[in-house]
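Shown next, in structure tokens, is the structure this report addresses.
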Amino acid sequence: MNDKQRIEELRKILRTANDAYYRDGHSPMSDAEFDRLLRELRDLEEAHPEFDEPDSPTNRVGSDLATGFKKITHRYPMLSIQNTYSEEEVRDFHRQVTEKIPETEVEYVCEPKIDGVAMCLVYENRKLTVAVTRGDGVQGDEVTQNIRTLKTIPQTLPKDFPADRFEVRGEVYMTKDNFLKFNEYSTRVFGKELQNPRNTASGSLKLKDPREAALRPLDFFAYNILTDDAEGNHWDNLEKLDKAKFPVNSLRAKARSVDEVMRVCEKWQKLRDDLPYMIDGVVIKVNSLKQQAALGRTAKSPKWVIAYKYKAEAVETVLESVSFQVGRTGVVTPVANLKPVHLGGTVVKRATLHNFDEVERLGLRVPDTVTVEKGGEIIPKITSVVLEKRPKSTHAIIPPKSCPVCGEALSKDEEEVAWRCDNLQCPAQVQRAILHFAARGAMNIENVGPALVDTLLEAGLIRDVSDLYHLKQEELEQLERMAEKSAANVIASIEGSKARGLDRLLFGLGIRYVGKTTASALARHFKTLDRLFDATPEEFVAAPDVGERIAQSLSDYFHDPKNRKRLERLRDAGVKTDYDAPEGGQPLAGQTWVITGTLPTWGRDEAREILEKAGAKVSESVSKKTTMLLAGEAAGSKLDKAQKLGIKIVSEKDVRSVLGLA
Ligand code: IVH
């Protein structure tokens, strides 16, 4: 292959990887691998200026533009940062900086490079007006409603701030703890394992429903103020952001030489594993804004900043075997059992292989020697096979035909990569299913936790959720460590859960793809269990919040005789299986609403009539007494006022879903 061909090949690989990373939130290669290929391309392009192309990945910021969002052109383009993994290049960077500004000393500000999603916040008249993603650097997606759900982002600036347009850039991220919790939830409720905090944060910002986004635990660090004038310095700007109540990372350092910069990089590398959020390096910025302006930029990145990236820690170890785990939703996941090895401060014995496509992509066989990395991920990951070390005799990893726990034949949906066990009686699923059913957001059975569920299963007193409602106090008292009083409490809390209603019941059943929002919408729409039993897939699709995938899942669920039997058993035990619209069909009784802007389908009068029918009082002006603002396109001063007063703002779609209007 000649250089020209290699350049073209690299451009193609990198474009595909960029698209996958920014658009689908899934990286086909590690960051380090991406950076290595980008570097190879840059070197080749430098040697061959004749093949220059403005559209090359070396000249362009990767794009994360998504469909369905309003595009907003950035006043100041959102550029990337030049990355490096070597100290030598940090020194080169310093040399280039000092060549351009020889007369004075250069001071740097070092900040951790947060592994999240870049965000641009615009304030006008001291109020947050728009939030935009980086997009392709020139245009971004408007995600203001989702950003408003982040409690740490100020909606207004302090009074002593000038009322001029004020633009702040920063990083939206998810802490490691929140990611692990949310991943646990996602795996349990949706059967979907998440890749890493960055992709999860990025996906959360692109949710179409701000109520869903509000459930995602996102955080923010502000790191930049953008203005036309180059006065002052970056450090003071960070302090200014801090004073304006923006969350600013307290981990930051000034450095007067490259040696100092490198010391900071090394020091923080040691802290890395203990920080509550993921960082992938250090951003090194020239402090003086005048000097920044003098240094200028290339098409892709400013010349006053460089990111020193930490190498993903990688070690080799042996893949001893692969076991198969069954999750609550029955998804069978291959898990690598590794020869224990030290990595990033912990001993790694296991690594998830995500799914069987991943096994195939890696070309894994047992007992291969593999490279394990903990770079951008919290959860260790096998990144490659060390083929030179492959022993003579190895065996392939074959997806099991039957459930490793209960033996039932596994099935696979065409468009999905997951193999799953559809046996809801499978012991691997039963315990988790019962816990989900009893969880707070579902039937909220206070005294039924993991220990009791295990004991009850072992004692053979329950096999599924319906058995809970047939438990007798005497049976419980027979159990070890179960006094009369606690047995009575358990019975009482089970009894108390009977009245939760159809929405909570539907969520608690753990039907695939049916989260809380969908469960509520279904309950409002169908109202009784019998109507759900009778519904066709078409009728499910006609319900609000239900797409084809969910409809199919619902139809499968309600047509399975085992599920119907279980539900009938729940109903016979006195569990409420229908939905009461609160207050005799007037769910909005006692509330005062204001309507503003142009709604997508309803006219003003129509909207008023719908709200009034549901019991709301509709008023013309926003005041402290306003309960909700129904806002459409081009909403003006009423929206501003509502935001200032902290009044909840909803869309026509929200109202439709709350009122169960298809
Ligand atoms: S400054 C010209 N500071 O890294 C870019 N960026 O690879 C000015 N990032 O898009 C950005 N932590 O999303 C800056 N402390 C930090 C950062 C940071 C993370 C991200 C940011 C940027 C990306 C570039």
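Chain labels follow the order of the structure tokens: the first chain is A, the next B, and so on; residue numbering restarts at 1 in every chain, and ligands are counted from 1 in their shown order.
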
May I have the residues within 6 Å of ligand 1, computed using only C-alpha atoms and all ligand atoms, as a PDB file with all heavy atoms, in the first residue's frame?
ATOM      1  N   LEU A  79     -13.975  24.195  19.460  1.00  0.00           N
ATOM      2  CA  LEU A  79     -12.861  23.457  18.859  1.00  0.00           C
ATOM      3  C   LEU A  79     -12.457  22.261  19.718  1.00  0.00           C
ATOM      4  O   LEU A  79     -12.936  22.102  20.829  1.00  0.00           O
ATOM      5  CB  LEU A  79     -11.673  24.402  18.709  1.00  0.00           C
ATOM      6  CG  LEU A  79     -11.949  25.656  17.874  1.00  0.00           C
ATOM      7  CD1 LEU A  79     -10.759  26.584  17.898  1.00  0.00           C
ATOM      8  CD2 LEU A  79     -12.312  25.291  16.443  1.00  0.00           C
ATOM      9  N   SER A  80     -11.564  21.438  19.165  1.00  0.00           N
ATOM     10  CA  SER A  80     -11.003  20.368  20.007  1.00  0.00           C
ATOM     11  C   SER A  80      -9.667  20.832  20.557  1.00  0.00           C
ATOM     12  O   SER A  80      -9.220  21.932  20.291  1.00  0.00           O
ATOM     13  CB  SER A  80     -10.720  19.070  19.286  1.00  0.00           C
ATOM     14  OG  SER A  80     -11.182  19.027  18.031  1.00  0.00           O
ATOM     15  N   ILE A  81      -9.053  19.937  21.277  1.00  0.00           N
ATOM     16  CA  ILE A  81      -7.736  20.234  21.833  1.00  0.00           C
ATOM     17  C   ILE A  81      -6.761  19.251  21.211  1.00  0.00           C
ATOM     18  O   ILE A  81      -7.091  18.080  21.028  1.00  0.00           O
ATOM     19  CB  ILE A  81      -7.722  20.045  23.365  1.00  0.00           C
ATOM     20  CG1 ILE A  81      -8.891  20.780  24.020  1.00  0.00           C
ATOM     21  CG2 ILE A  81      -6.406  20.519  23.936  1.00  0.00           C
ATOM     22  CD1 ILE A  81      -8.883  20.708  25.537  1.00  0.00           C
ATOM     23  N   GLU A 111      -5.636  21.816  34.316  1.00  0.00           N
ATOM     24  CA  GLU A 111      -6.927  21.339  34.826  1.00  0.00           C
ATOM     25  C   GLU A 111      -7.078  19.875  34.429  1.00  0.00           C
ATOM     26  O   GLU A 111      -6.619  19.484  33.364  1.00  0.00           O
ATOM     27  CB  GLU A 111      -8.081  22.099  34.143  1.00  0.00           C
ATOM     28  CG  GLU A 111      -8.186  23.543  34.502  1.00  0.00           C
ATOM     29  CD  GLU A 111      -9.071  24.291  33.501  1.00  0.00           C
ATOM     30  OE1 GLU A 111     -10.047  23.707  33.004  1.00  0.00           O
ATOM     31  OE2 GLU A 111      -8.756  25.455  33.223  1.00  0.00           O
ATOM     32  N   PRO A 112      -7.744  19.102  35.257  1.00  0.00           N
ATOM     33  CA  PRO A 112      -8.004  17.718  34.839  1.00  0.00           C
ATOM     34  C   PRO A 112      -8.860  17.720  33.576  1.00  0.00           C
ATOM     35  O   PRO A 112      -9.730  18.577  33.422  1.00  0.00           O
ATOM     36  CB  PRO A 112      -8.806  17.136  36.004  1.00  0.00           C
ATOM     37  CG  PRO A 112      -8.579  18.048  37.153  1.00  0.00           C
ATOM     38  CD  PRO A 112      -8.308  19.393  36.579  1.00  0.00           C
ATOM     39  N   LYS A 113      -8.576  16.796  32.687  1.00  0.00           N
ATOM     40  CA  LYS A 113      -9.409  16.674  31.494  1.00  0.00           C
ATOM     41  C   LYS A 113     -10.543  15.713  31.828  1.00  0.00           C
ATOM     42  O   LYS A 113     -10.352  14.504  31.935  1.00  0.00           O
ATOM     43  CB  LYS A 113      -8.590  16.142  30.321  1.00  0.00           C
ATOM     44  CG  LYS A 113      -9.353  16.143  29.017  1.00  0.00           C
ATOM     45  CD  LYS A 113      -8.404  15.855  27.857  1.00  0.00           C
ATOM     46  CE  LYS A 113      -9.054  16.076  26.513  1.00  0.00           C
ATOM     47  NZ  LYS A 113     -10.258  15.304  26.280  1.00  0.00           N
ATOM     48  N   ILE A 114     -11.715  16.289  32.045  1.00  0.00           N
ATOM     49  CA  ILE A 114     -12.880  15.509  32.464  1.00  0.00           C
ATOM     50  C   ILE A 114     -13.408  14.717  31.275  1.00  0.00           C
ATOM     51  O   ILE A 114     -13.572  15.261  30.188  1.00  0.00           O
ATOM     52  CB  ILE A 114     -14.008  16.452  32.952  1.00  0.00           C
ATOM     53  CG1 ILE A 114     -13.492  17.445  34.001  1.00  0.00           C
ATOM     54  CG2 ILE A 114     -15.195  15.669  33.480  1.00  0.00           C
ATOM     55  CD1 ILE A 114     -13.054  16.829  35.275  1.00  0.00           C
ATOM     56  N   ASP A 115     -13.688  13.445  31.501  1.00  0.00           N
ATOM     57  CA  ASP A 115     -14.174  12.618  30.405  1.00  0.00           C
ATOM     58  C   ASP A 115     -15.701  12.685  30.356  1.00  0.00           C
ATOM     59  O   ASP A 115     -16.395  11.851  30.914  1.00  0.00           O
ATOM     60  CB  ASP A 115     -13.699  11.182  30.617  1.00  0.00           C
ATOM     61  CG  ASP A 115     -13.714  10.404  29.326  1.00  0.00           C
ATOM     62  OD1 ASP A 115     -13.991  11.009  28.267  1.00  0.00           O
ATOM     63  OD2 ASP A 115     -13.448   9.198  29.368  1.00  0.00           O
ATOM     64  N   VAL A 117     -18.977  15.398  28.312  1.00  0.00           N
ATOM     65  CA  VAL A 117     -19.503  15.965  27.081  1.00  0.00           C
ATOM     66  C   VAL A 117     -19.404  17.486  27.157  1.00  0.00           C
ATOM     67  O   VAL A 117     -19.882  18.089  28.117  1.00  0.00           O
ATOM     68  CB  VAL A 117     -20.995  15.587  26.928  1.00  0.00           C
ATOM     69  CG1 VAL A 117     -21.535  16.073  25.600  1.00  0.00           C
ATOM     70  CG2 VAL A 117     -21.181  14.093  27.083  1.00  0.00           C
ATOM     71  N   ALA A 118     -18.806  18.097  26.144  1.00  0.00           N
ATOM     72  CA  ALA A 118     -18.656  19.549  26.150  1.00  0.00           C
ATOM     73  C   ALA A 118     -20.015  20.228  26.027  1.00  0.00           C
ATOM     74  O   ALA A 118     -20.882  19.765  25.284  1.00  0.00           O
ATOM     75  CB  ALA A 118     -17.754  19.972  25.003  1.00  0.00           C
ATOM     76  N   GLU A 171     -18.062  20.989  31.037  1.00  0.00           N
ATOM     77  CA  GLU A 171     -18.202  19.571  30.737  1.00  0.00           C
ATOM     78  C   GLU A 171     -19.341  18.970  31.563  1.00  0.00           C
ATOM     79  O   GLU A 171     -19.357  19.109  32.784  1.00  0.00           O
ATOM     80  CB  GLU A 171     -16.880  18.875  31.090  1.00  0.00           C
ATOM     81  CG  GLU A 171     -16.687  17.532  30.461  1.00  0.00           C
ATOM     82  CD  GLU A 171     -16.122  17.613  29.030  1.00  0.00           C
ATOM     83  OE1 GLU A 171     -16.010  18.718  28.465  1.00  0.00           O
ATOM     84  OE2 GLU A 171     -15.820  16.539  28.496  1.00  0.00           O
ATOM     85  N   TYR A 223     -15.478  25.456  32.771  1.00  0.00           N
ATOM     86  CA  TYR A 223     -14.047  25.699  32.622  1.00  0.00           C
ATOM     87  C   TYR A 223     -13.681  26.835  31.679  1.00  0.00           C
ATOM     88  O   TYR A 223     -12.509  27.020  31.381  1.00  0.00           O
ATOM     89  CB  TYR A 223     -13.288  24.426  32.258  1.00  0.00           C
ATOM     90  CG  TYR A 223     -13.818  23.641  31.068  1.00  0.00           C
ATOM     91  CD1 TYR A 223     -13.894  24.215  29.801  1.00  0.00           C
ATOM     92  CD2 TYR A 223     -14.198  22.317  31.215  1.00  0.00           C
ATOM     93  CE1 TYR A 223     -14.361  23.484  28.725  1.00  0.00           C
ATOM     94  CE2 TYR A 223     -14.663  21.574  30.143  1.00  0.00           C
ATOM     95  CZ  TYR A 223     -14.744  22.172  28.899  1.00  0.00           C
ATOM     96  OH  TYR A 223     -15.201  21.456  27.847  1.00  0.00           O
ATOM     97  N   VAL A 283      -5.485  19.131  30.968  1.00  0.00           N
ATOM     98  CA  VAL A 283      -5.541  20.184  29.960  1.00  0.00           C
ATOM     99  C   VAL A 283      -4.609  21.295  30.415  1.00  0.00           C
ATOM    100  O   VAL A 283      -4.705  21.756  31.559  1.00  0.00           O
ATOM    101  CB  VAL A 283      -6.975  20.727  29.789  1.00  0.00           C
ATOM    102  CG1 VAL A 283      -7.011  21.774  28.682  1.00  0.00           C
ATOM    103  CG2 VAL A 283      -7.938  19.600  29.477  1.00  0.00           C
ATOM    104  N   SER A 301      -8.036  23.279  16.317  1.00  0.00           N
ATOM    105  CA  SER A 301      -7.840  23.528  17.749  1.00  0.00           C
ATOM    106  C   SER A 301      -7.018  24.786  18.021  1.00  0.00           C
ATOM    107  O   SER A 301      -6.195  25.183  17.198  1.00  0.00           O
ATOM    108  CB  SER A 301      -7.177  22.315  18.389  1.00  0.00           C
ATOM    109  OG  SER A 301      -6.098  21.884  17.603  1.00  0.00           O
ATOM    110  N   PRO A 302      -7.236  25.395  19.198  1.00  0.00           N
ATOM    111  CA  PRO A 302      -6.460  26.580  19.553  1.00  0.00           C
ATOM    112  C   PRO A 302      -4.993  26.198  19.786  1.00  0.00           C
ATOM    113  O   PRO A 302      -4.704  25.060  20.150  1.00  0.00           O
ATOM    114  CB  PRO A 302      -7.091  27.042  20.872  1.00  0.00           C
ATOM    115  CG  PRO A 302      -8.306  26.237  21.075  1.00  0.00           C
ATOM    116  CD  PRO A 302      -8.173  25.005  20.266  1.00  0.00           C
TER     117      PRO A 302
END

Quick one: everything within 6 Å of A:Val109, counting only C-alpha atoms, minus sequence neighbours fewer than 2 positions away in the same chain. Send it as a PDB file with N, CA and C atoms, in the first residue's frame.
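Writing done, so here's out-v3.pdb:
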ATOM      1  N   ALA A 253      -4.214  23.998  38.918  1.00  0.00           N
ATOM      2  CA  ALA A 253      -2.890  24.425  39.367  1.00  0.00           C
ATOM      3  C   ALA A 253      -2.265  25.365  38.356  1.00  0.00           C
ATOM      4  N   LYS A 254      -1.513  26.356  38.887  1.00  0.00           N
ATOM      5  CA  LYS A 254      -0.725  27.224  38.003  1.00  0.00           C
ATOM      6  C   LYS A 254       0.655  26.615  37.847  1.00  0.00           C
ATOM      7  N   ILE A 284      -3.701  21.674  29.542  1.00  0.00           N
ATOM      8  CA  ILE A 284      -2.702  22.690  29.884  1.00  0.00           C
ATOM      9  C   ILE A 284      -3.004  23.937  29.057  1.00  0.00           C
ATOM     10  N   LYS A 285      -3.340  25.044  29.738  1.00  0.00           N
ATOM     11  CA  LYS A 285      -3.771  26.247  29.025  1.00  0.00           C
ATOM     12  C   LYS A 285      -2.848  27.415  29.332  1.00  0.00           C
ATOM     13  N   ASN A 287      -2.254  30.939  30.473  1.00  0.00           N
ATOM     14  CA  ASN A 287      -3.139  31.680  31.380  1.00  0.00           C
ATOM     15  C   ASN A 287      -3.595  33.030  30.815  1.00  0.00           C
TER      16      ASN A 287
END

Practice problem: May I have the residues within 12 Å of A:Phe558 as a PyMOL selection string, using only C-alpha atoms and disregarding those fewer than 4 positions away in the same chain? | Solution: chain A and resi 506+509+511-512+529-537+540+551-554+562-568

Output N, CA, C and O atoms for every residue in that selection, as a short mmCIF file (atom, residue, chain, number, x, y, z; two decimals), in the first residue's frame.
data_model
loop_
_atom_site.label_atom_id
_atom_site.label_comp_id
_atom_site.auth_asym_id
_atom_site.auth_seq_id
_atom_site.Cartn_x
_atom_site.Cartn_y
_atom_site.Cartn_z
N LEU A 506 -47.57 -2.37 36.82
CA LEU A 506 -46.98 -2.62 35.50
C LEU A 506 -45.47 -2.40 35.52
O LEU A 506 -44.72 -3.15 34.93
N LEU A 509 -43.68 -5.33 37.28
CA LEU A 509 -43.62 -6.62 36.60
C LEU A 509 -42.32 -6.78 35.82
O LEU A 509 -41.94 -7.89 35.47
N ILE A 511 -41.52 -5.79 32.77
CA ILE A 511 -41.70 -6.16 31.37
C ILE A 511 -40.59 -5.47 30.57
O ILE A 511 -40.28 -4.30 30.81
N ARG A 512 -40.01 -6.20 29.65
CA ARG A 512 -38.87 -5.65 28.93
C ARG A 512 -39.21 -4.31 28.27
O ARG A 512 -40.26 -4.17 27.65
N LEU A 529 -56.54 -4.14 33.71
CA LEU A 529 -55.72 -5.28 33.32
C LEU A 529 -56.37 -6.02 32.15
O LEU A 529 -55.69 -6.45 31.22
N ASP A 530 -57.71 -6.15 32.19
CA ASP A 530 -58.38 -6.89 31.13
C ASP A 530 -58.14 -6.27 29.77
O ASP A 530 -57.97 -6.96 28.77
N ARG A 531 -58.12 -4.93 29.75
CA ARG A 531 -57.89 -4.29 28.45
C ARG A 531 -56.47 -4.51 27.96
O ARG A 531 -56.23 -4.57 26.76
N LEU A 532 -55.55 -4.66 28.90
CA LEU A 532 -54.18 -4.98 28.49
C LEU A 532 -54.10 -6.41 27.96
O LEU A 532 -53.41 -6.71 26.99
N PHE A 533 -54.84 -7.31 28.62
CA PHE A 533 -54.87 -8.71 28.18
C PHE A 533 -55.38 -8.80 26.74
O PHE A 533 -54.92 -9.59 25.95
N ASP A 534 -56.36 -7.95 26.42
CA ASP A 534 -57.01 -8.06 25.12
C ASP A 534 -56.32 -7.26 24.02
O ASP A 534 -56.67 -7.39 22.85
N ALA A 535 -55.39 -6.40 24.39
CA ALA A 535 -54.85 -5.46 23.41
C ALA A 535 -54.02 -6.18 22.34
O ALA A 535 -53.29 -7.13 22.62
N THR A 536 -54.14 -5.69 21.10
CA THR A 536 -53.33 -6.19 19.99
C THR A 536 -52.07 -5.32 19.91
O THR A 536 -52.05 -4.22 20.45
N PRO A 537 -51.03 -5.80 19.21
CA PRO A 537 -49.82 -4.95 19.07
C PRO A 537 -50.17 -3.57 18.51
O PRO A 537 -49.59 -2.57 18.94
N PHE A 540 -51.37 -1.42 21.21
CA PHE A 540 -50.28 -0.97 22.08
C PHE A 540 -49.55 0.21 21.44
O PHE A 540 -49.24 1.19 22.10
N ALA A 551 -44.23 -2.21 22.04
CA ALA A 551 -45.51 -2.85 21.76
C ALA A 551 -45.34 -4.36 21.62
O ALA A 551 -46.12 -5.15 22.15
N GLN A 552 -44.30 -4.76 20.91
CA GLN A 552 -44.05 -6.18 20.71
C GLN A 552 -43.78 -6.86 22.05
O GLN A 552 -44.31 -7.94 22.34
N SER A 553 -42.97 -6.18 22.86
CA SER A 553 -42.63 -6.75 24.15
C SER A 553 -43.89 -6.91 25.02
O SER A 553 -44.08 -7.93 25.69
N LEU A 554 -44.77 -5.90 24.99
CA LEU A 554 -46.01 -5.96 25.76
C LEU A 554 -46.91 -7.08 25.27
O LEU A 554 -47.48 -7.85 26.05
N LYS A 562 -48.32 -18.02 31.19
CA LYS A 562 -47.74 -18.02 32.54
C LYS A 562 -47.89 -16.64 33.18
O LYS A 562 -48.18 -16.50 34.36
N ASN A 563 -47.69 -15.62 32.35
CA ASN A 563 -47.82 -14.25 32.88
C ASN A 563 -49.27 -13.93 33.22
O ASN A 563 -49.55 -13.29 34.22
N ARG A 564 -50.16 -14.39 32.36
CA ARG A 564 -51.58 -14.11 32.62
C ARG A 564 -52.01 -14.78 33.92
O ARG A 564 -52.72 -14.20 34.73
N LYS A 565 -51.52 -16.01 34.10
CA LYS A 565 -51.89 -16.73 35.31
C LYS A 565 -51.37 -16.00 36.55
O LYS A 565 -52.08 -15.84 37.54
N ARG A 566 -50.13 -15.52 36.45
CA ARG A 566 -49.54 -14.83 37.59
C ARG A 566 -50.34 -13.56 37.91
O ARG A 566 -50.63 -13.25 39.06
N LEU A 567 -50.72 -12.84 36.87
CA LEU A 567 -51.47 -11.61 37.09
C LEU A 567 -52.85 -11.88 37.67
O LEU A 567 -53.34 -11.16 38.53
N GLU A 568 -53.47 -12.96 37.18
CA GLU A 568 -54.78 -13.31 37.73
C GLU A 568 -54.67 -13.69 39.20
O GLU A 568 -55.52 -13.35 40.02
#

Quiz prompt | In stretch 11-151 of chain A, DSSP alpha helix (DSSP H) residues written as a PyMOL selection string | solution = chain A and resi 11-23+31-47+87-100+144-147

Quiz item: Nearest to A:Ser520: which of A:Gly660, A:Pro450, A:Gly547, A:Pro217 is it, counting only C-alpha atoms?
Solution: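 Residue with the minimum atom-to-atom distance to A:Ser520: A:Gly660.
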
Exercise. Quick one: everything within 12 Å of A:Arg571, counting only C-alpha atoms, minus sequence neighbours fewer than 4 positions away in the same chain. Send it as JSON, numbers by chain.
Key: {"A": [465, 466, 467, 469, 470, 498, 499, 501, 502, 505, 528, 529, 530, 564, 565, 566, 567, 575, 576, 577, 578]}

Selection above as a file: N, CA and C atoms, as a PDB file, in the first residue's frame:
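Printed below is out_37.pdb as written:
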ATOM      1  N   VAL A 465     -43.690 -13.379  42.225  1.00  0.00           N
ATOM      2  CA  VAL A 465     -44.236 -12.262  42.990  1.00  0.00           C
ATOM      3  C   VAL A 465     -45.640 -12.526  43.531  1.00  0.00           C
ATOM      4  N   SER A 466     -46.394 -13.354  42.817  1.00  0.00           N
ATOM      5  CA  SER A 466     -47.770 -13.563  43.276  1.00  0.00           C
ATOM      6  C   SER A 466     -47.794 -14.326  44.603  1.00  0.00           C
ATOM      7  N   ASP A 467     -46.753 -15.140  44.834  1.00  0.00           N
ATOM      8  CA  ASP A 467     -46.712 -15.893  46.094  1.00  0.00           C
ATOM      9  C   ASP A 467     -46.597 -14.985  47.318  1.00  0.00           C
ATOM     10  N   TYR A 469     -48.273 -12.532  48.077  1.00  0.00           N
ATOM     11  CA  TYR A 469     -49.590 -12.184  48.603  1.00  0.00           C
ATOM     12  C   TYR A 469     -50.332 -13.378  49.176  1.00  0.00           C
ATOM     13  N   HIS A 470     -49.694 -14.534  49.135  1.00  0.00           N
ATOM     14  CA  HIS A 470     -50.308 -15.711  49.734  1.00  0.00           C
ATOM     15  C   HIS A 470     -49.537 -16.182  50.954  1.00  0.00           C
ATOM     16  N   LYS A 498     -50.968  -3.651  48.200  1.00  0.00           N
ATOM     17  CA  LYS A 498     -52.008  -4.100  47.263  1.00  0.00           C
ATOM     18  C   LYS A 498     -52.688  -2.943  46.536  1.00  0.00           C
ATOM     19  N   ALA A 499     -52.731  -1.797  47.192  1.00  0.00           N
ATOM     20  CA  ALA A 499     -53.522  -0.688  46.651  1.00  0.00           C
ATOM     21  C   ALA A 499     -52.708   0.257  45.763  1.00  0.00           C
ATOM     22  N   GLY A 501     -51.917   0.341  42.682  1.00  0.00           N
ATOM     23  CA  GLY A 501     -52.543   0.706  41.401  1.00  0.00           C
ATOM     24  C   GLY A 501     -51.802   0.162  40.196  1.00  0.00           C
ATOM     25  N   LEU A 502     -52.488   0.236  39.058  1.00  0.00           N
ATOM     26  CA  LEU A 502     -52.002  -0.413  37.836  1.00  0.00           C
ATOM     27  C   LEU A 502     -50.645   0.123  37.354  1.00  0.00           C
ATOM     28  N   LEU A 505     -47.914  -1.389  39.432  1.00  0.00           N
ATOM     29  CA  LEU A 505     -47.901  -2.824  39.193  1.00  0.00           C
ATOM     30  C   LEU A 505     -47.203  -3.128  37.859  1.00  0.00           C
ATOM     31  N   THR A 528     -57.430  -0.794  32.713  1.00  0.00           N
ATOM     32  CA  THR A 528     -57.651  -2.045  33.444  1.00  0.00           C
ATOM     33  C   THR A 528     -56.760  -3.148  32.885  1.00  0.00           C
ATOM     34  N   LEU A 529     -56.539  -4.145  33.715  1.00  0.00           N
ATOM     35  CA  LEU A 529     -55.724  -5.280  33.321  1.00  0.00           C
ATOM     36  C   LEU A 529     -56.372  -6.025  32.152  1.00  0.00           C
ATOM     37  N   ASP A 530     -57.708  -6.150  32.191  1.00  0.00           N
ATOM     38  CA  ASP A 530     -58.380  -6.890  31.132  1.00  0.00           C
ATOM     39  C   ASP A 530     -58.143  -6.265  29.774  1.00  0.00           C
ATOM     40  N   ARG A 564     -50.157 -14.391  32.363  1.00  0.00           N
ATOM     41  CA  ARG A 564     -51.578 -14.109  32.625  1.00  0.00           C
ATOM     42  C   ARG A 564     -52.006 -14.778  33.919  1.00  0.00           C
ATOM     43  N   LYS A 565     -51.517 -16.008  34.102  1.00  0.00           N
ATOM     44  CA  LYS A 565     -51.885 -16.734  35.307  1.00  0.00           C
ATOM     45  C   LYS A 565     -51.371 -15.996  36.549  1.00  0.00           C
ATOM     46  N   ARG A 566     -50.128 -15.522  36.447  1.00  0.00           N
ATOM     47  CA  ARG A 566     -49.542 -14.829  37.589  1.00  0.00           C
ATOM     48  C   ARG A 566     -50.340 -13.561  37.906  1.00  0.00           C
ATOM     49  N   LEU A 567     -50.723 -12.844  36.870  1.00  0.00           N
ATOM     50  CA  LEU A 567     -51.468 -11.608  37.087  1.00  0.00           C
ATOM     51  C   LEU A 567     -52.852 -11.879  37.666  1.00  0.00           C
ATOM     52  N   VAL A 575     -54.776  -7.647  44.847  1.00  0.00           N
ATOM     53  CA  VAL A 575     -53.925  -6.568  44.326  1.00  0.00           C
ATOM     54  C   VAL A 575     -54.725  -5.764  43.304  1.00  0.00           C
ATOM     55  N   LYS A 576     -54.676  -4.464  43.471  1.00  0.00           N
ATOM     56  CA  LYS A 576     -55.444  -3.581  42.594  1.00  0.00           C
ATOM     57  C   LYS A 576     -54.846  -3.606  41.194  1.00  0.00           C
ATOM     58  N   THR A 577     -55.683  -3.933  40.206  1.00  0.00           N
ATOM     59  CA  THR A 577     -55.153  -4.058  38.853  1.00  0.00           C
ATOM     60  C   THR A 577     -55.790  -3.046  37.911  1.00  0.00           C
ATOM     61  N   ASP A 578     -56.415  -2.021  38.474  1.00  0.00           N
ATOM     62  CA  ASP A 578     -56.896  -0.985  37.567  1.00  0.00           C
ATOM     63  C   ASP A 578     -56.404   0.393  37.997  1.00  0.00           C
TER      64      ASP A 578
END

Self-check item: Among listed residues A:Ala47, A:Leu128, A:Leu207, A:Cys421, nearest A:Asn146 (using only C-alpha atoms)
Solution: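 Residue with the minimum atom-to-atom distance to A:Asn146: A:Leu207.
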
Quiz item: Between A:Val594, A:Ile7, A:Ile378, A:Val332, which is the closest to A:Pro276 once you count only C-alpha atoms?
Solution: A:Ile378

I want to know what sits within 9 Å of stretch 479-486 of chain A, based on only C-alpha atoms, with residues of the same chain fewer than 6 positions away left out; could you give that as a PDB file with N, CA and C atoms, in the first residue's frame?
ATOM      1  N   ASN A 447     -40.684  -3.990  53.843  1.00  0.00           N
ATOM      2  CA  ASN A 447     -39.926  -4.977  54.612  1.00  0.00           C
ATOM      3  C   ASN A 447     -39.429  -6.167  53.801  1.00  0.00           C
ATOM      4  N   THR A 455     -34.200 -15.937  51.686  1.00  0.00           N
ATOM      5  CA  THR A 455     -34.695 -16.915  52.657  1.00  0.00           C
ATOM      6  C   THR A 455     -36.006 -17.538  52.190  1.00  0.00           C
ATOM      7  N   LEU A 456     -36.906 -16.689  51.698  1.00  0.00           N
ATOM      8  CA  LEU A 456     -38.209 -17.200  51.259  1.00  0.00           C
ATOM      9  C   LEU A 456     -38.075 -18.143  50.070  1.00  0.00           C
ATOM     10  N   ALA A 459     -36.612 -21.411  51.345  1.00  0.00           N
ATOM     11  CA  ALA A 459     -37.596 -22.180  52.109  1.00  0.00           C
ATOM     12  C   ALA A 459     -38.735 -22.685  51.221  1.00  0.00           C
ATOM     13  N   GLN A 473     -48.650 -15.405  58.098  1.00  0.00           N
ATOM     14  CA  GLN A 473     -47.803 -14.988  59.205  1.00  0.00           C
ATOM     15  C   GLN A 473     -47.143 -16.188  59.897  1.00  0.00           C
TER      16      GLN A 473
END

Quiz prompt | Selection near stretch 259-272 of chain A, 12 Å with only C-alpha atoms, sequence-local residues under 6 positions removed, as a PyMOL selection string | solution = chain A and resi 85-91+93-94+106-115+176+251-253+278-286+306-313+344-345+374-376+378
